[in-house]
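Visitor: For reference, the structure I am asking about is given below.
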Amino acid sequence: MTSEVDVIVIGSGFGGAISASRIAEAGFKVRVLERGPWRDSIPNASQDIPNRVPFPTEGWHFWTKAVRTLRNNKLPGGRITLNKKGFYEVLIGKGLNILCSSNVGGGSHAYGGLNMPPPMPGYWDDIDSGLSEDRMAGHYAEVMKRMGASTPSDEHIPQSIRKRFSHSDAIHSGPEAGALQMGFLFPEEPGQPREITTEDGVRRREIGCGEGGFLGSPDGAKTPLEVAYLYRAMQQGLEICDQQEVLAIRKETKAGETRYCVNVENHHTGQFESHYAKHVIVAAGTVNTLHLLLHSRDGDKGLGGMPQLGKKFGSNGDYFAYWDWQDRFHDMSQSLPVNGYVRLKGETEAAEVDQPFIIEAPLPCPDKLRLPGWVAKKLRQGTFIAGMGKDAMDGTVSLKKGKLNVDYKPENSSIFGEIREQMDRIAEKTGKRILSIKRPTTAHPLGGACIGRNIDEGVVDGKGEVFDHPGLYVADAAALPKPVEGPPSMTVAAWANHVGEQVIMKLRRENSDSFRQPLLLQELSEKQLIERDEIG
Ligand SMILES: Cc1cc2nc3c(=O)[nH]c(=O)nc-3n(C[C@H](O)[C@H](O)[C@H](O)COP(=O)(O)OP(=O)(O)OC[C@H]3O[C@@H](n4cnc5c(N)ncnc54)[C@H](O)[C@@H]3O)c2cc1C
């Protein structure tokens with residue numbers, strides 16, 4: 001297990017699973033180290049994956065497995081781990097609460113399944129000379145195809161905003177309100193989900209009402225990264241080591257050659273182990289990637305440099321609230337995790353365009369969770385509502401006395417006021433209260449190890465490689481230098497696809513590789529790209 005491989009990837013969420021799979025599919029030896037367990041899903045069972053751990057979607061599993069770790073500076077050591085096989089990590093930082101998850105497949109189990117590029121065009125322009133919107137477009141197309149992103153009809157979303165507001169003067173309900181693209185297996189006949197077996201022998205169930213939510217999708221209806229990427233890459237040699245928590249990375253230079261030693265706590269055995277590779281991709285999710293790099297530099301002293309590490313950290317302007325429908329006639333939890341965009345009809349065209357990105361998101365299946373009756377009732381009779389947008393991205397993440405210190409000042413970002421005002425208007429127009437706490441909570445932390453043009457501007461270059469650490473890469477949301485202003489998973493996925501390709505090209509150059517693989521996006525000419533898209 002501790003033998004040297006071409007590439008070690010830390011984390012198996014969108015950043016890790018996609019970069020690792022791309023490199024393994026190109027014929028290189030890749031090992032993924034993931035702290036979370038394989039989940040007990042129908043697809044994982046169909047592939048005979050051992051050591052599967054239940055999702056927290058039912059009964060007491062909700063109470064024992066919903067939370068893995070709580071992080072706060074007032075806790076001894078800065079965190080308390082409740083259950084190493086738990087699903088969510090919750091960080092209460094200064095000015096910001098943060099949610100992230102822990103599984104083989106990372107955030108693809110926790111997320112709402114919205115698959116979309118940034119809502120504002122031009123995200124990748126002006127970041128680094130090697131990156132542009134045009135270059136990244138191919139990566140978005142590729143990852144969205146593999147995630148199976150498709151647009152559901154309103155019949156697939158029982159509590160769809162478009163259906164509910166079809167006669168509303170206040171809320172948009174027409175196609176101009178925007179069609180959702182989602183990574184779910186939708187039933188051919190809405191409301192009649194079937195179990196299917198794919199050509200690769202993977203069993204899944206189509207999505208039913210109130211399933212596939214923020215606590216995971218045991219039936220595999222919400223496409224997890226295992227189905228979209230990992231199984232196929234595993235057949236080509238990708239090694240996935242579950243329940244292996246990376247503690248530190250050390251750079252070792254011998255006779256002019258650099259390699260990295262990755263120290264791990266193996267939660268299966270309780271032992272500490274070391275893995276070695278010349279190329280390491282860090283993709284532990286923003287908070288854990290920053291913690292790992294900061295600890296490796298400032299605590300363990302195994303890495304140096306990175307003067308911009310922990311700077312330009314942002315929340316993507318996320319702001320959550322509860323929309324108190326008090327609907328006694330419909331069960332709002334019997335829907336998809338996202339019901340649609342909430343856009344007000346404005347008096348002028350400009351007022352309509354210039355609105356924060358807001359979605360409605362019910363929590364499916366509260367009745368299965370053994371919650372107090374009044375909480376389950378609130379979740380059945382109401383929904384969550386979430387806004388996203390451009391924050392100042394001026395937070396900092398640092399290590400103080402060994403504890404992770406997140407310092408974020410929401411008052412510096414006008415977006416939170418704009419979202420709150422918009423939610424007040426929505427509440428007024430619909431006559432249903434929207435309740436929130438002032439401190440924002442983000443499910444989309446970004447940045448802190450940002451892409452930049454040079455070491456004074458960022459931590460990684462346009463290829464994802466850390467400026468002063470050859471062979472060390474960041475392929476997850478920590479590298480994103482701007483707020484996505486919408487759901488970010490496809491932007492992380494496209495970035496990881498790009499980083500994976502850069503690593504493949506480097507490995508091929510280093511190995512003076514003679515075997516030709518299918519051409520990579522970066523190597524295709526414009527003409528070849530058009531031909532490939534026409535064929536594909
Ligand atoms: C409730 C919720 C709903 C969301 N809904 C949407 C949505 O609808 N659409 C959308 O686009 N985005 C959504 N997101 C955001 C999306 O999930 C993230 O943007 C995405 O997962 C980030 O990818 P990542 O690779 O950076 O990190 P992750 O996907 O979080 O993966 C990081 C992985 O690294 C592992 N890890 C952490 N530390 C270590 C360590 N020390 N050693 C080994 N492994 C480690 C973690 O266990 C995890 O599996 C949602 C997120 C949440 C929490």
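Every chain in the structure tokens takes a letter, A first, then B, and so on in the order presented; its residues are numbered from 1, and the ligands are numbered from 1 following the presented order.
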Check the DSSP output for the backbone and give back, as JSON, numbers by chain, the residues of stretch 94-318 of chain A in strand (DSSP E).
Guide: {"A": [97, 98, 99, 100, 101, 195, 196, 197, 203, 204, 205, 239, 240, 241, 244, 245, 246, 247, 248, 249, 250, 251, 252, 253, 254, 257, 258, 259, 260, 261, 262, 263, 264, 265, 266, 271, 272, 273, 274, 275, 276, 277, 278, 279, 280, 281, 282, 311, 312, 313, 314]}
Visitor: Write the residues of the preceding selection, restricted to C-alpha atoms, as an mmCIF file, in the first residue's frame.
Guide:
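Written output follows (selection.cif):
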data_model
loop_
_atom_site.group_PDB
_atom_site.id
_atom_site.type_symbol
_atom_site.label_atom_id
_atom_site.label_comp_id
_atom_site.auth_asym_id
_atom_site.auth_seq_id
_atom_site.Cartn_x
_atom_site.Cartn_y
_atom_site.Cartn_z
ATOM 1 C CA ASN A 97 -20.625 29.025 9.290
ATOM 2 C CA ILE A 98 -19.349 26.425 6.806
ATOM 3 C CA LEU A 99 -20.725 23.009 5.771
ATOM 4 C CA CYS A 100 -18.775 20.325 3.927
ATOM 5 C CA SER A 101 -19.034 16.546 3.684
ATOM 6 C CA GLU A 195 -34.497 0.322 -10.872
ATOM 7 C CA ILE A 196 -32.164 0.068 -13.848
ATOM 8 C CA THR A 197 -28.827 -1.558 -14.657
ATOM 9 C CA ARG A 203 -27.525 -0.702 -10.567
ATOM 10 C CA ARG A 204 -29.400 2.544 -9.764
ATOM 11 C CA ARG A 205 -32.947 3.675 -9.118
ATOM 12 C CA GLU A 239 -6.696 2.788 -6.360
ATOM 13 C CA ILE A 240 -9.193 4.265 -3.865
ATOM 14 C CA CYS A 241 -8.186 4.067 -0.210
ATOM 15 C CA GLN A 244 -7.454 7.382 5.166
ATOM 16 C CA GLU A 245 -7.112 10.844 6.680
ATOM 17 C CA VAL A 246 -4.130 12.790 5.403
ATOM 18 C CA LEU A 247 -2.404 14.620 8.248
ATOM 19 C CA ALA A 248 0.552 16.314 6.542
ATOM 20 C CA ILE A 249 2.517 16.601 3.290
ATOM 21 C CA ARG A 250 6.297 16.836 3.274
ATOM 22 C CA LYS A 251 8.504 17.895 0.394
ATOM 23 C CA GLU A 252 11.689 15.842 0.072
ATOM 24 C CA THR A 253 14.438 16.842 -2.334
ATOM 25 C CA LYS A 254 17.239 14.366 -3.066
ATOM 26 C CA GLU A 257 14.631 15.396 -7.533
ATOM 27 C CA THR A 258 11.543 16.424 -5.596
ATOM 28 C CA ARG A 259 9.028 13.965 -4.205
ATOM 29 C CA TYR A 260 6.361 14.248 -1.535
ATOM 30 C CA CYS A 261 5.721 12.144 1.543
ATOM 31 C CA VAL A 262 2.027 12.080 2.505
ATOM 32 C CA ASN A 263 1.360 11.088 6.124
ATOM 33 C CA VAL A 264 -1.938 9.403 6.798
ATOM 34 C CA GLU A 265 -3.987 8.072 9.693
ATOM 35 C CA ASN A 266 -5.585 4.835 8.524
ATOM 36 C CA GLN A 271 -2.104 3.012 12.242
ATOM 37 C CA PHE A 272 -0.090 5.928 10.856
ATOM 38 C CA GLU A 273 1.344 5.346 7.367
ATOM 39 C CA SER A 274 3.322 7.219 4.726
ATOM 40 C CA HIS A 275 2.732 7.298 0.967
ATOM 41 C CA TYR A 276 5.151 8.711 -1.607
ATOM 42 C CA ALA A 277 4.793 10.292 -5.050
ATOM 43 C CA LYS A 278 6.438 12.938 -7.210
ATOM 44 C CA HIS A 279 3.013 14.390 -7.936
ATOM 45 C CA VAL A 280 0.413 15.146 -5.278
ATOM 46 C CA ILE A 281 -2.972 16.699 -5.964
ATOM 47 C CA VAL A 282 -4.639 18.282 -2.938
ATOM 48 C CA LYS A 311 -5.811 34.844 1.679
ATOM 49 C CA LYS A 312 -8.738 35.640 -0.647
ATOM 50 C CA PHE A 313 -11.086 33.181 1.046
ATOM 51 C CA GLY A 314 -14.773 33.562 0.240
#
Visitor: Within 7 Å of ligand 1, counting only C-alpha atoms and all ligand atoms: which residues, as a PDB file with N, CA, C and O atoms, in the first residue's frame?
Guide:
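As a result, result.pdb now contains:
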ATOM      1  N   ILE A  10      -5.507  13.667  -2.849  1.00  0.00           N
ATOM      2  CA  ILE A  10      -6.077  13.737  -1.491  1.00  0.00           C
ATOM      3  C   ILE A  10      -7.509  14.260  -1.591  1.00  0.00           C
ATOM      4  O   ILE A  10      -7.736  15.396  -1.990  1.00  0.00           O
ATOM      5  N   GLY A  11      -8.473  13.399  -1.258  1.00  0.00           N
ATOM      6  CA  GLY A  11      -9.895  13.760  -1.348  1.00  0.00           C
ATOM      7  C   GLY A  11     -10.515  13.190  -2.612  1.00  0.00           C
ATOM      8  O   GLY A  11      -9.844  13.059  -3.645  1.00  0.00           O
ATOM      9  N   SER A  12     -11.801  12.805  -2.503  1.00  0.00           N
ATOM     10  CA  SER A  12     -12.463  12.186  -3.666  1.00  0.00           C
ATOM     11  C   SER A  12     -13.772  12.885  -4.000  1.00  0.00           C
ATOM     12  O   SER A  12     -14.715  12.263  -4.455  1.00  0.00           O
ATOM     13  N   GLY A  13     -13.832  14.211  -3.733  1.00  0.00           N
ATOM     14  CA  GLY A  13     -14.990  15.000  -4.164  1.00  0.00           C
ATOM     15  C   GLY A  13     -14.814  15.405  -5.621  1.00  0.00           C
ATOM     16  O   GLY A  13     -14.085  14.744  -6.380  1.00  0.00           O
ATOM     17  N   PHE A  14     -15.468  16.503  -6.012  1.00  0.00           N
ATOM     18  CA  PHE A  14     -15.402  16.896  -7.427  1.00  0.00           C
ATOM     19  C   PHE A  14     -13.957  17.135  -7.867  1.00  0.00           C
ATOM     20  O   PHE A  14     -13.553  16.703  -8.951  1.00  0.00           O
ATOM     21  N   GLY A  15     -13.172  17.814  -7.035  1.00  0.00           N
ATOM     22  CA  GLY A  15     -11.785  18.085  -7.413  1.00  0.00           C
ATOM     23  C   GLY A  15     -10.959  16.815  -7.505  1.00  0.00           C
ATOM     24  O   GLY A  15     -10.239  16.583  -8.493  1.00  0.00           O
ATOM     25  N   GLY A  16     -11.052  15.955  -6.469  1.00  0.00           N
ATOM     26  CA  GLY A  16     -10.194  14.768  -6.395  1.00  0.00           C
ATOM     27  C   GLY A  16     -10.623  13.664  -7.339  1.00  0.00           C
ATOM     28  O   GLY A  16      -9.804  13.116  -8.092  1.00  0.00           O
ATOM     29  N   LEU A  33      -6.518   9.087  -1.605  1.00  0.00           N
ATOM     30  CA  LEU A  33      -6.627   8.925  -0.150  1.00  0.00           C
ATOM     31  C   LEU A  33      -7.825   9.741   0.314  1.00  0.00           C
ATOM     32  O   LEU A  33      -7.837  10.974   0.167  1.00  0.00           O
ATOM     33  N   GLU A  34      -8.832   9.083   0.815  1.00  0.00           N
ATOM     34  CA  GLU A  34     -10.085   9.755   1.203  1.00  0.00           C
ATOM     35  C   GLU A  34     -10.373   9.436   2.665  1.00  0.00           C
ATOM     36  O   GLU A  34     -10.382   8.287   3.069  1.00  0.00           O
ATOM     37  N   ARG A  35     -10.663  10.493   3.449  1.00  0.00           N
ATOM     38  CA  ARG A  35     -10.887  10.260   4.896  1.00  0.00           C
ATOM     39  C   ARG A  35     -12.257   9.617   5.161  1.00  0.00           C
ATOM     40  O   ARG A  35     -12.457   8.936   6.152  1.00  0.00           O
ATOM     41  N   GLY A  36     -13.233   9.853   4.271  1.00  0.00           N
ATOM     42  CA  GLY A  36     -14.583   9.350   4.506  1.00  0.00           C
ATOM     43  C   GLY A  36     -14.736   7.918   4.008  1.00  0.00           C
ATOM     44  O   GLY A  36     -13.861   7.362   3.343  1.00  0.00           O
ATOM     45  N   LEU A  99     -20.312  24.424   5.832  1.00  0.00           N
ATOM     46  CA  LEU A  99     -20.725  23.009   5.771  1.00  0.00           C
ATOM     47  C   LEU A  99     -19.912  22.307   4.699  1.00  0.00           C
ATOM     48  O   LEU A  99     -19.792  22.815   3.576  1.00  0.00           O
ATOM     49  N   CYS A 100     -19.352  21.148   4.991  1.00  0.00           N
ATOM     50  CA  CYS A 100     -18.775  20.325   3.927  1.00  0.00           C
ATOM     51  C   CYS A 100     -18.943  18.854   4.326  1.00  0.00           C
ATOM     52  O   CYS A 100     -19.343  18.563   5.452  1.00  0.00           O
ATOM     53  N   SER A 101     -18.671  17.937   3.406  1.00  0.00           N
ATOM     54  CA  SER A 101     -19.034  16.546   3.684  1.00  0.00           C
ATOM     55  C   SER A 101     -17.837  15.611   3.598  1.00  0.00           C
ATOM     56  O   SER A 101     -16.743  16.020   3.223  1.00  0.00           O
ATOM     57  N   SER A 102     -18.065  14.335   3.914  1.00  0.00           N
ATOM     58  CA  SER A 102     -16.960  13.381   4.043  1.00  0.00           C
ATOM     59  C   SER A 102     -17.404  11.992   3.572  1.00  0.00           C
ATOM     60  O   SER A 102     -18.100  11.275   4.298  1.00  0.00           O
ATOM     61  N   ASN A 103     -17.052  11.662   2.366  1.00  0.00           N
ATOM     62  CA  ASN A 103     -17.440  10.361   1.778  1.00  0.00           C
ATOM     63  C   ASN A 103     -16.502  10.065   0.624  1.00  0.00           C
ATOM     64  O   ASN A 103     -15.958  10.997   0.032  1.00  0.00           O
ATOM     65  N   VAL A 104     -16.414   8.809   0.211  1.00  0.00           N
ATOM     66  CA  VAL A 104     -15.873   8.550  -1.130  1.00  0.00           C
ATOM     67  C   VAL A 104     -16.944   9.131  -2.065  1.00  0.00           C
ATOM     68  O   VAL A 104     -18.109   8.751  -2.007  1.00  0.00           O
ATOM     69  N   GLY A 105     -16.541  10.086  -2.895  1.00  0.00           N
ATOM     70  CA  GLY A 105     -17.511  10.806  -3.731  1.00  0.00           C
ATOM     71  C   GLY A 105     -17.757  12.214  -3.205  1.00  0.00           C
ATOM     72  O   GLY A 105     -18.448  13.002  -3.852  1.00  0.00           O
ATOM     73  N   GLY A 106     -17.209  12.549  -2.013  1.00  0.00           N
ATOM     74  CA  GLY A 106     -17.243  13.902  -1.453  1.00  0.00           C
ATOM     75  C   GLY A 106     -18.610  14.561  -1.546  1.00  0.00           C
ATOM     76  O   GLY A 106     -19.648  13.954  -1.251  1.00  0.00           O
ATOM     77  N   GLY A 107     -18.618  15.807  -1.990  1.00  0.00           N
ATOM     78  CA  GLY A 107     -19.830  16.620  -2.028  1.00  0.00           C
ATOM     79  C   GLY A 107     -20.890  16.127  -2.995  1.00  0.00           C
ATOM     80  O   GLY A 107     -22.028  16.595  -2.936  1.00  0.00           O
ATOM     81  N   SER A 108     -20.562  15.160  -3.859  1.00  0.00           N
ATOM     82  CA  SER A 108     -21.588  14.693  -4.818  1.00  0.00           C
ATOM     83  C   SER A 108     -22.698  13.932  -4.088  1.00  0.00           C
ATOM     84  O   SER A 108     -23.767  13.724  -4.643  1.00  0.00           O
ATOM     85  N   ALA A 110     -23.713  15.025  -0.930  1.00  0.00           N
ATOM     86  CA  ALA A 110     -24.420  16.022  -0.106  1.00  0.00           C
ATOM     87  C   ALA A 110     -25.143  17.048  -0.955  1.00  0.00           C
ATOM     88  O   ALA A 110     -26.103  17.653  -0.507  1.00  0.00           O
ATOM     89  N   TYR A 111     -24.692  17.233  -2.181  1.00  0.00           N
ATOM     90  CA  TYR A 111     -25.155  18.428  -2.896  1.00  0.00           C
ATOM     91  C   TYR A 111     -26.591  18.282  -3.412  1.00  0.00           C
ATOM     92  O   TYR A 111     -27.182  17.207  -3.376  1.00  0.00           O
ATOM     93  N   GLY A 112     -27.144  19.441  -3.868  1.00  0.00           N
ATOM     94  CA  GLY A 112     -28.524  19.461  -4.341  1.00  0.00           C
ATOM     95  C   GLY A 112     -28.684  18.984  -5.768  1.00  0.00           C
ATOM     96  O   GLY A 112     -29.800  18.958  -6.288  1.00  0.00           O
ATOM     97  N   GLY A 113     -27.586  18.660  -6.423  1.00  0.00           N
ATOM     98  CA  GLY A 113     -27.658  18.103  -7.776  1.00  0.00           C
ATOM     99  C   GLY A 113     -27.755  19.150  -8.875  1.00  0.00           C
ATOM    100  O   GLY A 113     -27.908  18.794 -10.041  1.00  0.00           O
ATOM    101  N   LEU A 114     -27.640  20.447  -8.518  1.00  0.00           N
ATOM    102  CA  LEU A 114     -27.681  21.469  -9.577  1.00  0.00           C
ATOM    103  C   LEU A 114     -26.349  21.460 -10.317  1.00  0.00           C
ATOM    104  O   LEU A 114     -25.295  21.619  -9.706  1.00  0.00           O
ATOM    105  N   ASN A 115     -26.399  21.271 -11.605  1.00  0.00           N
ATOM    106  CA  ASN A 115     -25.178  21.216 -12.424  1.00  0.00           C
ATOM    107  C   ASN A 115     -25.197  22.392 -13.381  1.00  0.00           C
ATOM    108  O   ASN A 115     -25.961  22.377 -14.351  1.00  0.00           O
ATOM    109  N   MET A 116     -24.396  23.399 -13.120  1.00  0.00           N
ATOM    110  CA  MET A 116     -24.407  24.532 -14.056  1.00  0.00           C
ATOM    111  C   MET A 116     -23.091  25.300 -14.043  1.00  0.00           C
ATOM    112  O   MET A 116     -22.410  25.347 -13.017  1.00  0.00           O
ATOM    113  N   PHE A 214     -30.121  16.260   0.672  1.00  0.00           N
ATOM    114  CA  PHE A 214     -28.835  16.731   1.200  1.00  0.00           C
ATOM    115  C   PHE A 214     -28.196  15.756   2.177  1.00  0.00           C
ATOM    116  O   PHE A 214     -27.130  16.017   2.706  1.00  0.00           O
ATOM    117  N   GLN A 244      -8.876   7.049   4.997  1.00  0.00           N
ATOM    118  CA  GLN A 244      -7.454   7.382   5.166  1.00  0.00           C
ATOM    119  C   GLN A 244      -7.375   8.891   5.265  1.00  0.00           C
ATOM    120  O   GLN A 244      -7.554   9.592   4.272  1.00  0.00           O
ATOM    121  N   GLU A 245      -7.124   9.388   6.479  1.00  0.00           N
ATOM    122  CA  GLU A 245      -7.112  10.844   6.680  1.00  0.00           C
ATOM    123  C   GLU A 245      -5.686  11.377   6.566  1.00  0.00           C
ATOM    124  O   GLU A 245      -4.808  11.005   7.351  1.00  0.00           O
ATOM    125  N   VAL A 246      -5.479  12.237   5.590  1.00  0.00           N
ATOM    126  CA  VAL A 246      -4.130  12.790   5.403  1.00  0.00           C
ATOM    127  C   VAL A 246      -3.875  13.837   6.484  1.00  0.00           C
ATOM    128  O   VAL A 246      -4.704  14.721   6.726  1.00  0.00           O
ATOM    129  N   LEU A 247      -2.724  13.717   7.145  1.00  0.00           N
ATOM    130  CA  LEU A 247      -2.404  14.620   8.248  1.00  0.00           C
ATOM    131  C   LEU A 247      -1.402  15.685   7.832  1.00  0.00           C
ATOM    132  O   LEU A 247      -1.451  16.819   8.315  1.00  0.00           O
ATOM    133  N   ALA A 283      -7.045  17.946  -2.906  1.00  0.00           N
ATOM    134  CA  ALA A 283      -8.446  18.223  -3.256  1.00  0.00           C
ATOM    135  C   ALA A 283      -9.330  17.769  -2.101  1.00  0.00           C
ATOM    136  O   ALA A 283     -10.276  17.011  -2.277  1.00  0.00           O
ATOM    137  N   ALA A 284      -9.001  18.259  -0.908  1.00  0.00           N
ATOM    138  CA  ALA A 284      -9.710  17.831   0.309  1.00  0.00           C
ATOM    139  C   ALA A 284     -10.907  18.734   0.594  1.00  0.00           C
ATOM    140  O   ALA A 284     -11.484  18.662   1.683  1.00  0.00           O
ATOM    141  N   GLY A 285     -11.302  19.576  -0.378  1.00  0.00           N
ATOM    142  CA  GLY A 285     -12.375  20.545  -0.145  1.00  0.00           C
ATOM    143  C   GLY A 285     -11.752  21.784   0.487  1.00  0.00           C
ATOM    144  O   GLY A 285     -10.798  21.664   1.269  1.00  0.00           O
ATOM    145  N   THR A 286     -12.279  22.976   0.183  1.00  0.00           N
ATOM    146  CA  THR A 286     -11.585  24.233   0.539  1.00  0.00           C
ATOM    147  C   THR A 286     -11.039  24.238   1.973  1.00  0.00           C
ATOM    148  O   THR A 286      -9.842  24.447   2.187  1.00  0.00           O
ATOM    149  N   ASN A 288     -10.541  21.906   4.272  1.00  0.00           N
ATOM    150  CA  ASN A 288      -9.545  20.892   4.625  1.00  0.00           C
ATOM    151  C   ASN A 288      -8.285  21.006   3.781  1.00  0.00           C
ATOM    152  O   ASN A 288      -7.193  20.689   4.265  1.00  0.00           O
ATOM    153  N   THR A 289      -8.403  21.459   2.555  1.00  0.00           N
ATOM    154  CA  THR A 289      -7.202  21.713   1.747  1.00  0.00           C
ATOM    155  C   THR A 289      -6.373  22.815   2.405  1.00  0.00           C
ATOM    156  O   THR A 289      -5.149  22.696   2.548  1.00  0.00           O
ATOM    157  N   LEU A 292      -4.782  21.511   5.632  1.00  0.00           N
ATOM    158  CA  LEU A 292      -3.671  20.593   5.345  1.00  0.00           C
ATOM    159  C   LEU A 292      -2.422  21.359   4.886  1.00  0.00           C
ATOM    160  O   LEU A 292      -1.303  21.090   5.355  1.00  0.00           O
ATOM    161  N   ALA A 443     -22.358  26.644   1.976  1.00  0.00           N
ATOM    162  CA  ALA A 443     -22.081  25.258   1.570  1.00  0.00           C
ATOM    163  C   ALA A 443     -21.062  25.287   0.432  1.00  0.00           C
ATOM    164  O   ALA A 443     -20.739  24.253  -0.131  1.00  0.00           O
ATOM    165  N   HIS A 444     -20.596  26.501   0.087  1.00  0.00           N
ATOM    166  CA  HIS A 444     -19.722  26.680  -1.077  1.00  0.00           C
ATOM    167  C   HIS A 444     -18.492  27.512  -0.735  1.00  0.00           C
ATOM    168  O   HIS A 444     -18.248  28.539  -1.376  1.00  0.00           O
ATOM    169  N   ASP A 476      -9.169  21.638  -6.229  1.00  0.00           N
ATOM    170  CA  ASP A 476     -10.548  21.766  -5.726  1.00  0.00           C
ATOM    171  C   ASP A 476     -10.965  23.228  -5.617  1.00  0.00           C
ATOM    172  O   ASP A 476     -10.298  24.119  -6.166  1.00  0.00           O
ATOM    173  N   ALA A 477     -12.047  23.459  -4.882  1.00  0.00           N
ATOM    174  CA  ALA A 477     -12.621  24.806  -4.812  1.00  0.00           C
ATOM    175  C   ALA A 477     -11.678  25.815  -4.148  1.00  0.00           C
ATOM    176  O   ALA A 477     -11.870  27.027  -4.314  1.00  0.00           O
ATOM    177  N   ALA A 478     -10.655  25.347  -3.416  1.00  0.00           N
ATOM    178  CA  ALA A 478      -9.717  26.279  -2.780  1.00  0.00           C
ATOM    179  C   ALA A 478      -8.952  27.095  -3.822  1.00  0.00           C
ATOM    180  O   ALA A 478      -8.456  28.184  -3.527  1.00  0.00           O
ATOM    181  N   PRO A 487     -24.254  27.836  -8.042  1.00  0.00           N
ATOM    182  CA  PRO A 487     -23.738  26.553  -7.557  1.00  0.00           C
ATOM    183  C   PRO A 487     -22.385  26.232  -8.222  1.00  0.00           C
ATOM    184  O   PRO A 487     -22.275  26.278  -9.438  1.00  0.00           O
ATOM    185  N   PRO A 488     -21.361  25.918  -7.417  1.00  0.00           N
ATOM    186  CA  PRO A 488     -20.007  25.863  -7.982  1.00  0.00           C
ATOM    187  C   PRO A 488     -19.494  24.488  -8.410  1.00  0.00           C
ATOM    188  O   PRO A 488     -18.382  24.385  -8.936  1.00  0.00           O
ATOM    189  N   SER A 489     -20.269  23.399  -8.190  1.00  0.00           N
ATOM    190  CA  SER A 489     -19.658  22.075  -8.378  1.00  0.00           C
ATOM    191  C   SER A 489     -19.121  21.862  -9.795  1.00  0.00           C
ATOM    192  O   SER A 489     -18.066  21.251  -9.984  1.00  0.00           O
ATOM    193  N   MET A 490     -19.825  22.384 -10.817  1.00  0.00           N
ATOM    194  CA  MET A 490     -19.348  22.147 -12.179  1.00  0.00           C
ATOM    195  C   MET A 490     -18.107  22.986 -12.495  1.00  0.00           C
ATOM    196  O   MET A 490     -17.286  22.597 -13.332  1.00  0.00           O
ATOM    197  N   VAL A 492     -15.803  23.629 -10.159  1.00  0.00           N
ATOM    198  CA  VAL A 492     -14.737  22.832  -9.521  1.00  0.00           C
ATOM    199  C   VAL A 492     -14.411  21.637 -10.431  1.00  0.00           C
ATOM    200  O   VAL A 492     -13.239  21.312 -10.672  1.00  0.00           O
TER     201      VAL A 492
END
Visitor: Mind checking which residues fall within 12 Å of A:Pro76, counting only C-alpha atoms, ignoring those fewer than 3 positions away in the same chain, and posting them as a PyMOL selection string?
Guide: chain A and resi 70-73+79-81+401-404
Visitor: Let me make sure I understand: among A:Val53, A:Ala137, A:Leu215, A:Val287, which one has the smallest atom-to-atom distance to A:Leu399 if we use only C-alpha atoms?
Guide: A:Val287
Visitor: Considering only C-alpha atoms, return as a count of residues only whatever protein or nucleic-acid residues lie within 8 Å of A:Met393, sequence-local ones (same chain, fewer than 2 positions apart) excluded.
Guide: 10
Visitor: Using DSSP secondary structure from the backbone, list all alpha helix (DSSP H) positions within stretch 151-300 of chain A, as a PyMOL selection string.
Guide: chain A and resi 161-164+225+231-235+286-294
Visitor: Using 12 Å as the limit and counting only C-alpha atoms, can you tabulate each residue of stretch 213-305 of chain A that touches stretch 180-192 of chain A, with its shortest atom-to-atom distance in Å and the two atoms involved, as JSON lines?
Guide:
{"residue": "A:Gly213", "atom": "CA", "partner": "A:Phe184", "partner_atom": "CA", "distance": 10.8}
{"residue": "A:Ser217", "atom": "CA", "partner": "A:Phe184", "partner_atom": "CA", "distance": 10.0}
{"residue": "A:Asp219", "atom": "CA", "partner": "A:Leu185", "partner_atom": "CA", "distance": 10.4}
{"residue": "A:Gly220", "atom": "CA", "partner": "A:Leu185", "partner_atom": "CA", "distance": 8.3}
{"residue": "A:Ala221", "atom": "CA", "partner": "A:Leu185", "partner_atom": "CA", "distance": 5.2}
{"residue": "A:Lys222", "atom": "CA", "partner": "A:Phe184", "partner_atom": "CA", "distance": 4.4}
{"residue": "A:Thr223", "atom": "CA", "partner": "A:Phe184", "partner_atom": "CA", "distance": 5.5}
{"residue": "A:Pro224", "atom": "CA", "partner": "A:Gly183", "partner_atom": "CA", "distance": 8.5}
{"residue": "A:Leu225", "atom": "CA", "partner": "A:Gly183", "partner_atom": "CA", "distance": 10.4}
{"residue": "A:Val227", "atom": "CA", "partner": "A:Gly183", "partner_atom": "CA", "distance": 11.2}
{"residue": "A:Ala228", "atom": "CA", "partner": "A:Gly183", "partner_atom": "CA", "distance": 9.8}
Visitor: Could you tell me how far atom CA of A:Asn44 lies from atom CA of A:Arg22, in Å and to one decimal?
Guide: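 Answer for the atom CA of A:Asn44 to atom CA of A:Arg22 separation: 20.4 Å.
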Visitor: Which is closer to A:Pro152 than all the others in A:Met234, A:Ala475, A:Leu507, A:Ile207, using only C-alpha atoms?
Guide: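 Using only C-alpha atoms, the shortest distance to A:Pro152 belongs to A:Ile207.
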Visitor: What is the atom CA of A:Phe329-atom CA of A:Lys368 distance in Å, reported with one decimal?
Guide: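 So the answer is 19.7 Å.
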Visitor: Distance atom CA of A:Ile127-atom CA of A:Gly417, one decimal place?
Guide: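 Atom-to-atom, atom CA of A:Ile127 and atom CA of A:Gly417 are spaced 27.5 Å apart.
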Visitor: Do a neighbour search on A:Gly59 at 7 Å with only C-alpha atoms, toss out local chain neighbours closer than 3 positions, and write the hits as a list of chain:residue names.
Guide: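 The residues satisfying every condition are A:Phe62, A:Lys368, A:Leu369, A:Arg370.
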